[in-house]
>>> print(open('my_file15.cif').read())   # mmCIF, C-alpha atoms and all ligand atoms
data_data
loop_
_atom_site.label_atom_id
_atom_site.label_comp_id
_atom_site.auth_asym_id
_atom_site.auth_seq_id
_atom_site.Cartn_x
_atom_site.Cartn_y
_atom_site.Cartn_z
CA MET A 1 6.05 0.33 -3.70
CA ILE A 2 6.33 1.32 -0.04
CA ASN A 3 7.56 4.77 0.92
CA ILE A 4 8.26 5.45 4.55
CA TYR A 5 9.22 9.02 5.28
CA ASN A 6 10.25 10.38 8.66
CA LEU A 7 8.03 7.88 10.44
CA SER A 8 7.80 7.97 14.23
CA PHE A 9 5.66 6.04 16.68
CA SER A 10 5.31 5.87 20.47
CA TYR A 11 3.47 3.68 22.94
CA GLU A 12 2.03 5.85 25.70
CA GLY A 13 4.70 8.49 25.28
CA GLU A 14 7.59 6.03 24.91
CA VAL A 15 9.19 6.51 21.49
CA VAL A 16 9.79 3.15 19.79
CA LEU A 17 10.26 4.24 16.16
CA ASN A 18 12.21 7.37 15.57
CA HIS A 19 12.29 9.18 12.21
CA LEU A 20 12.47 6.17 9.88
CA HIS A 21 13.05 6.50 6.15
CA LEU A 22 12.75 3.50 3.87
CA THR A 23 11.72 2.72 0.30
CA ILE A 24 10.78 -0.81 -0.74
CA PRO A 25 10.24 -1.22 -4.50
CA LYS A 26 7.12 -2.96 -5.79
CA HIS A 27 7.48 -6.75 -6.05
CA SER A 28 10.72 -6.63 -4.09
CA THR A 29 11.52 -8.30 -0.79
CA CYS A 30 12.83 -6.74 2.38
CA ALA A 31 14.15 -8.57 5.44
CA ILE A 32 14.17 -6.61 8.68
CA ILE A 33 16.58 -7.72 11.35
CA GLY A 34 17.61 -6.23 14.69
CA PRO A 35 17.83 -6.89 18.41
CA SER A 36 14.78 -7.75 20.47
CA GLY A 37 12.70 -4.68 21.29
CA CYS A 38 14.14 -2.47 18.54
CA GLY A 39 10.71 -1.92 16.98
CA LYS A 40 10.47 -4.46 14.14
CA THR A 41 6.97 -5.74 14.94
CA THR A 42 5.73 -2.21 15.57
CA LEU A 43 6.94 -1.24 12.09
CA LEU A 44 5.14 -4.26 10.62
CA MET A 45 1.93 -3.29 12.45
CA LEU A 46 2.19 0.20 10.97
CA LEU A 47 2.70 -1.31 7.48
CA ALA A 48 -0.37 -3.49 8.07
CA GLY A 49 -2.39 -0.37 8.89
CA LEU A 50 -3.14 -1.67 12.39
CA TYR A 51 -1.36 1.28 14.02
CA LYS A 52 -1.32 4.89 12.86
CA PRO A 53 1.97 6.79 12.51
CA GLU A 54 2.43 9.46 15.10
CA ALA A 55 4.49 11.55 12.70
CA GLY A 56 5.76 11.22 9.16
CA SER A 57 4.15 9.35 6.31
CA LEU A 58 3.66 5.83 5.04
CA LEU A 59 2.61 5.38 1.42
CA ILE A 60 1.71 2.15 -0.35
CA ASN A 61 1.60 2.46 -4.13
CA GLN A 62 1.70 6.26 -3.80
CA THR A 63 -1.38 6.29 -1.56
CA PRO A 64 -1.12 7.29 2.12
CA LEU A 65 -2.03 4.27 4.21
CA ALA A 66 -5.29 4.91 6.05
CA GLY A 67 -6.02 1.73 7.97
CA ILE A 68 -6.15 -1.92 6.98
CA ARG A 69 -5.93 -2.73 3.23
CA GLN A 70 -7.77 -5.77 1.93
CA SER A 71 -4.79 -6.55 -0.31
CA THR A 72 -2.25 -6.71 2.51
CA GLY A 73 -1.61 -10.14 4.03
CA LEU A 74 -0.20 -10.36 7.55
CA ILE A 75 1.22 -13.52 9.10
CA LEU A 76 2.02 -13.22 12.78
CA GLN A 77 3.93 -15.48 15.15
CA ASP A 78 0.64 -16.38 16.81
CA LEU A 79 -0.87 -18.08 13.77
CA GLY A 80 -4.46 -17.51 14.82
CA LEU A 81 -5.83 -20.73 13.28
CA LEU A 82 -9.28 -21.61 14.60
CA PRO A 83 -8.89 -24.96 16.43
CA TRP A 84 -12.48 -26.09 15.74
CA LYS A 85 -12.15 -25.66 11.98
CA THR A 86 -10.38 -27.91 9.52
CA VAL A 87 -7.46 -26.75 7.37
CA TYR A 88 -9.88 -26.29 4.45
CA ASP A 89 -12.32 -24.25 6.54
CA ASN A 90 -9.57 -22.14 8.11
CA VAL A 91 -8.46 -21.16 4.59
CA ALA A 92 -12.08 -20.71 3.43
CA LEU A 93 -12.70 -18.23 6.24
CA ALA A 94 -10.32 -15.77 4.58
CA LEU A 95 -12.61 -15.62 1.55
CA VAL A 96 -15.80 -14.81 3.48
CA PRO A 97 -15.68 -11.07 2.68
CA PHE A 98 -15.28 -11.72 -1.04
CA LYS A 99 -18.26 -11.83 -3.38
CA LEU A 100 -17.35 -15.06 -5.15
CA SER A 101 -19.46 -18.09 -5.93
CA HIS A 102 -19.02 -21.28 -3.91
CA GLU A 103 -17.26 -22.89 -6.92
CA GLN A 104 -14.88 -19.95 -7.38
CA LYS A 105 -13.94 -20.06 -3.70
CA HIS A 106 -13.50 -23.82 -3.77
CA LYS A 107 -11.20 -23.56 -6.80
CA LYS A 108 -9.02 -20.93 -5.12
CA ILE A 109 -8.80 -22.92 -1.85
CA ILE A 110 -7.87 -26.16 -3.63
CA GLU A 111 -5.23 -24.33 -5.67
CA VAL A 112 -3.57 -22.72 -2.65
CA LEU A 113 -3.72 -25.95 -0.58
CA ASN A 114 -2.02 -27.72 -3.46
CA GLN A 115 0.63 -24.99 -3.78
CA LEU A 116 1.45 -25.31 -0.09
CA GLY A 117 1.47 -29.10 -0.05
CA LEU A 118 -1.58 -29.27 2.24
CA THR A 119 -4.06 -31.13 0.05
CA LYS A 120 -3.87 -34.32 2.06
CA TYR A 121 -4.29 -32.44 5.34
CA GLN A 122 -7.30 -30.41 4.25
CA ASN A 123 -9.74 -32.28 6.56
CA LYS A 124 -7.45 -32.24 9.58
CA TYR A 125 -7.77 -29.87 12.53
CA PRO A 126 -4.88 -27.60 13.65
CA HIS A 127 -4.05 -29.82 16.67
CA GLN A 128 -3.46 -32.73 14.25
CA LEU A 129 -0.76 -30.80 12.33
CA SER A 130 2.96 -30.33 12.87
CA GLY A 131 4.38 -26.86 13.49
CA GLY A 132 5.47 -26.56 9.85
CA GLN A 133 2.07 -27.69 8.55
CA LYS A 134 0.29 -25.18 10.80
CA GLN A 135 2.57 -22.43 9.53
CA ARG A 136 1.81 -23.45 5.92
CA CYS A 137 -1.91 -23.44 6.70
CA SER A 138 -1.60 -19.92 8.05
CA ILE A 139 0.26 -18.87 4.88
CA ALA A 140 -2.40 -20.58 2.72
CA ARG A 141 -5.11 -18.64 4.52
CA THR A 142 -3.34 -15.39 3.72
CA LEU A 143 -2.35 -16.25 0.13
CA VAL A 144 -5.84 -17.34 -0.89
CA ARG A 145 -6.78 -13.64 -0.82
CA GLU A 146 -4.00 -12.93 -3.36
CA PRO A 147 -2.36 -10.08 -1.44
CA ASP A 148 -0.07 -7.64 -3.27
CA LEU A 149 1.83 -7.02 -0.03
CA LEU A 150 2.76 -9.85 2.31
CA LEU A 151 4.03 -9.12 5.82
CA LEU A 152 5.61 -11.94 7.80
CA ASP A 153 6.62 -11.72 11.45
CA GLU A 154 9.20 -14.41 12.24
CA ALA A 155 7.34 -16.96 10.13
CA THR A 156 9.95 -19.67 10.56
CA SER A 157 11.23 -19.00 14.08
CA ALA A 158 9.26 -21.77 15.82
CA LEU A 159 10.41 -24.45 13.36
CA ASP A 160 13.33 -26.87 13.50
CA ASP A 161 16.17 -26.38 11.02
CA LEU A 162 14.82 -28.68 8.31
CA ASN A 163 11.29 -27.30 8.43
CA LYS A 164 12.74 -23.79 8.53
CA GLU A 165 14.66 -24.45 5.31
CA HIS A 166 11.63 -26.06 3.73
CA LEU A 167 9.47 -23.04 4.51
CA GLN A 168 12.14 -20.61 3.29
CA GLU A 169 12.28 -22.49 -0.02
CA LEU A 170 8.50 -22.48 -0.18
CA ILE A 171 8.37 -18.70 0.39
CA LEU A 172 10.90 -18.28 -2.43
CA SER A 173 9.00 -20.52 -4.82
CA LEU A 174 5.71 -18.73 -4.03
CA TYR A 175 7.46 -15.42 -4.66
CA HIS A 176 8.88 -16.61 -8.00
CA HIS A 177 5.50 -18.03 -9.00
CA LYS A 178 3.71 -14.74 -8.32
CA PRO A 179 5.88 -11.82 -7.23
CA THR A 180 4.38 -9.79 -4.39
CA THR A 181 6.04 -7.18 -2.24
CA LEU A 182 7.34 -9.15 0.70
CA VAL A 183 8.42 -7.67 4.04
CA LEU A 184 9.63 -10.12 6.63
CA ILE A 185 10.98 -9.85 10.12
CA THR A 186 13.54 -12.38 11.16
CA HIS A 187 16.11 -13.03 13.87
CA ASN A 188 17.95 -15.40 11.59
CA ILE A 189 20.73 -13.76 9.57
CA GLU A 190 20.95 -16.61 7.02
CA GLU A 191 17.23 -16.27 6.42
CA ALA A 192 17.59 -12.52 5.89
CA VAL A 193 20.35 -13.16 3.33
CA LEU A 194 18.29 -15.78 1.53
CA LEU A 195 14.93 -13.98 1.50
CA GLY A 196 15.72 -10.27 1.48
CA LYS A 197 16.67 -8.38 -1.69
CA GLN A 198 17.08 -5.56 0.77
CA ILE A 199 18.27 -6.18 4.31
CA VAL A 200 17.31 -3.55 6.85
CA ILE A 201 19.21 -3.48 10.12
CA MET A 202 17.32 -1.78 12.93
CA ASP A 203 18.39 -0.76 16.39
CA LYS A 204 16.66 1.20 19.14
CA GLY A 205 13.80 2.38 16.97
CA GLN A 206 15.97 3.45 14.07
CA ILE A 207 17.13 2.06 10.74
CA LYS A 208 20.89 1.77 10.97
CA THR A 209 21.78 0.22 7.62
CA VAL A 210 20.06 -0.85 4.42
CA LEU A 211 22.04 -3.43 2.44
CA GLU A 212 21.37 -4.47 -1.14
CA ASN A 213 21.77 -8.23 -1.05
CA PRO A 214 23.14 -10.05 -4.11
CA PHE A 215 22.43 -13.47 -2.57
CA PHE A 216 18.63 -13.12 -2.53
CA GLY A 217 16.89 -16.32 -3.59
CA ASP A 218 20.11 -18.10 -4.45
CA LEU A 219 19.80 -21.49 -2.76
CA LYS A 220 23.10 -22.63 -4.28
CA ALA A 221 24.87 -19.63 -2.76
CA LYS A 222 24.28 -21.21 0.65
CA GLU A 223 27.08 -23.60 -0.24
CA THR A 224 29.54 -20.79 -0.92
CA LEU A 225 31.88 -18.85 1.30
CA ALA A 226 30.68 -15.53 -0.13
CA PHE A 227 27.20 -16.19 1.33
CA TYR A 228 28.66 -16.68 4.80
CA GLU A 229 30.85 -13.61 4.42
CA GLN A 230 27.63 -11.65 3.91
CA VAL A 231 26.15 -13.37 7.00
CA LEU A 232 29.26 -12.45 9.00
CA GLN A 233 29.17 -8.85 7.82
CA ILE A 234 25.57 -8.50 9.04
CA ARG A 235 26.42 -10.25 12.30
CA LYS A 236 29.22 -7.75 12.84
CA LEU A 237 26.92 -4.82 12.11
CA LEU A 238 24.34 -6.20 14.55
CA LYS A 239 26.97 -6.70 17.26
CA GLU A 240 28.28 -3.16 16.76
CA GLU A 241 24.75 -1.82 17.25
CA VAL A 242 24.17 -3.85 20.41
CA SER A 243 27.51 -2.88 21.97
CA SER A 244 27.08 0.82 21.14
N1 LIG B 301 1.44 -2.66 23.05
C1 LIG B 301 2.53 -2.13 23.58
N2 LIG B 301 2.46 -1.21 24.57
C2 LIG B 301 3.58 -0.64 25.09
N3 LIG B 301 4.84 -0.92 24.67
C3 LIG B 301 4.97 -1.83 23.70
C4 LIG B 301 3.83 -2.48 23.10
N4 LIG B 301 4.29 -3.34 22.13
C5 LIG B 301 5.63 -3.23 22.14
N5 LIG B 301 6.04 -2.33 23.07
C6 LIG B 301 7.43 -1.93 23.32
O1 LIG B 301 7.92 -1.32 22.14
C7 LIG B 301 9.26 -1.70 21.89
C8 LIG B 301 9.36 -2.32 20.49
O2 LIG B 301 8.61 -3.52 20.48
P1 LIG B 301 8.52 -4.46 19.19
O3 LIG B 301 7.62 -5.58 19.52
O4 LIG B 301 8.18 -3.61 18.03
O5 LIG B 301 10.03 -4.94 19.09
P2 LIG B 301 10.67 -6.12 18.21
O6 LIG B 301 11.90 -5.55 17.59
O7 LIG B 301 9.65 -6.68 17.30
O8 LIG B 301 11.05 -7.17 19.33
P3 LIG B 301 11.19 -8.78 19.26
O9 LIG B 301 12.31 -9.05 18.30
O10 LIG B 301 11.55 -9.16 20.66
O11 LIG B 301 9.87 -9.34 18.80
C9 LIG B 301 9.66 -2.63 23.02
O12 LIG B 301 10.37 -1.89 23.98
C10 LIG B 301 8.34 -3.11 23.59
O13 LIG B 301 8.44 -3.36 24.96
#
>>> encode(input="my_file15.cif", output="structure tokens", more="lines below")
Ligand SMILES: Nc1ncnc2c1ncn2[C@@H]1O[C@H](COP(=O)(O)OP(=O)(O)OP(=O)(O)O)[C@@H](O)[C@H]1O
Amino acid sequence: MINIYNLSFSYEGEVVLNHLHLTIPKHSTCAIIGPSGCGKTTLLMLLAGLYKPEAGSLLINQTPLAGIRQSTGLILQDLGLLPWKTVYDNVALALVPFKLSHEQKHKKIIEVLNQLGLTKYQNKYPHQLSGGQKQRCSIARTLVREPDLLLLDEATSALDDLNKEHLQELILSLYHHKPTTLVLITHNIEEAVLLGKQIVIMDKGQIKTVLENPFFGDLKAKETLAFYEQVLQIRKLLKEEVSS
């Protein structure tokens, strides 16, 4: 469970998050959407414990967040894969801080590579992978640590439409396999409607609307008009924010 209460944050005196309130239930998913520069990534950095709130509070499972948690996974746009390491070794790196035997680590890595469809690429280097495969490798590296909170910053934005859909379906199937609290930033309204149980619309450092989304995880709904009515409603809300 994430509780954000009256949270504010500034960069060198410039306020970028202004008195935010938000509750995200445990094992739920939340899609954050809003115009460029409205503070989405900054909020994610605060949730990751990389920045400290200037005012207000941020609690994870009833505990005030005091820095980076080992059980939070963060996937940024810049995937940060090490080019001189193979897929297997990039994933293995995430387990270095854990006191596990070589066999235990190997088992976890093989399992996650299999889950993400990367088994046959395990000996390849990042430059030998497609954009979608690199993104999956980055997700594998985060998931191997079995986070209870997963933060994704525009995980699918660099991918073409088919790979985007593939990754969205993969995120859903990973979530159904092992529910974690999932917070994702996206610019894509359809993605927000597919992946967010809650959809948070931000503008100019504030949360404007929080929608409960009945279409979460419903791949079949993408073929219905009701799904696109929801997309249109969010589009309208976003346009209203930009024009005001
Ligand atoms: N390190 C920084 N130092 C100073 N200002 C910053 C820094 N990072 C971001 N900002 C500013 O803070 C504001 C919010 O930035 P943030 O990256 O959180 O927005 P965003 O909603 O994620 O944008 P985008 O959708 O374009 O990624 C912007 O005006 C940005 O210029």
>>> closest_residue(input="my_file15.cif", among="A:Gln70, A:Gln115, A:Asn188, A:Gln122", to="ligand LIG 301 (chain B)", atoms="all atoms listed in the file")
A:Asn188
>>> residues_near_ligand(input="my_file15.cif", ligand="ligand LIG 301 (chain B)", cutoff="6 Å", atoms="only C-alpha atoms and all ligand atoms", output="PDB file with C-alpha atoms, in the coordinates of the input")
ATOM      1  CA  TYR A  11       3.470   3.680  22.940  1.00  0.00           C
ATOM      2  CA  VAL A  16       9.790   3.150  19.790  1.00  0.00           C
ATOM      3  CA  PRO A  35      17.830  -6.890  18.410  1.00  0.00           C
ATOM      4  CA  SER A  36      14.780  -7.750  20.470  1.00  0.00           C
ATOM      5  CA  GLY A  37      12.700  -4.680  21.290  1.00  0.00           C
ATOM      6  CA  CYS A  38      14.140  -2.470  18.540  1.00  0.00           C
ATOM      7  CA  GLY A  39      10.710  -1.920  16.980  1.00  0.00           C
ATOM      8  CA  LYS A  40      10.470  -4.460  14.140  1.00  0.00           C
ATOM      9  CA  THR A  41       6.970  -5.740  14.940  1.00  0.00           C
ATOM     10  CA  THR A  42       5.730  -2.210  15.570  1.00  0.00           C
TER      11      THR A  42
END
>>> residues_around(input="my_file15.cif", residues="region 125-131 of chain A", least_positions_apart="6", cutoff="7 Å", atoms="all atoms listed in the file", output="PyMOL selection string")
chain A and resi 81+83-87+159
>>> atom_distance(input="my_file15.cif", atom1="CA of Leu237 (chain A)", atom2="CA of Ile24 (chain A)")
21.0 Å
>>> closest_atom_pairs(input="my_file15.cif", of="region 125-218 of chain A", to="region 46-52 of chain A", cutoff="10 Å", atoms="all atoms listed in the file", output="JSON lines")
{"residue": "A:Leu149", "atom": "CA", "partner": "A:Ala48", "partner_atom": "CA", "distance": 9.1}
{"residue": "A:Leu150", "atom": "CA", "partner": "A:Ala48", "partner_atom": "CA", "distance": 9.1}
{"residue": "A:Leu151", "atom": "CA", "partner": "A:Ala48", "partner_atom": "CA", "distance": 7.5}
{"residue": "A:Val183", "atom": "CA", "partner": "A:Leu47", "partner_atom": "CA", "distance": 9.2}
>>> closest_residue(input="my_file15.cif", among="A:Leu194, A:Pro53, A:Ser28, A:Lys99", to="Val15 (chain A)", atoms="only C-alpha atoms")
A:Pro53
>>> atom_distance(input="my_file15.cif", atom1="CA of Lys178 (chain A)", atom2="CA of Asp148 (chain A)")
9.5 Å
>>> closest_residue(input="my_file15.cif", among="A:Lys107, A:Lys124, A:His21, A:Lys222", to="Val144 (chain A)", atoms="all atoms listed in the file")
A:Lys107
>>> atom_distance(input="my_file15.cif", atom1="CA of Gly34 (chain A)", atom2="CA of Asp203 (chain A)")
5.8 Å
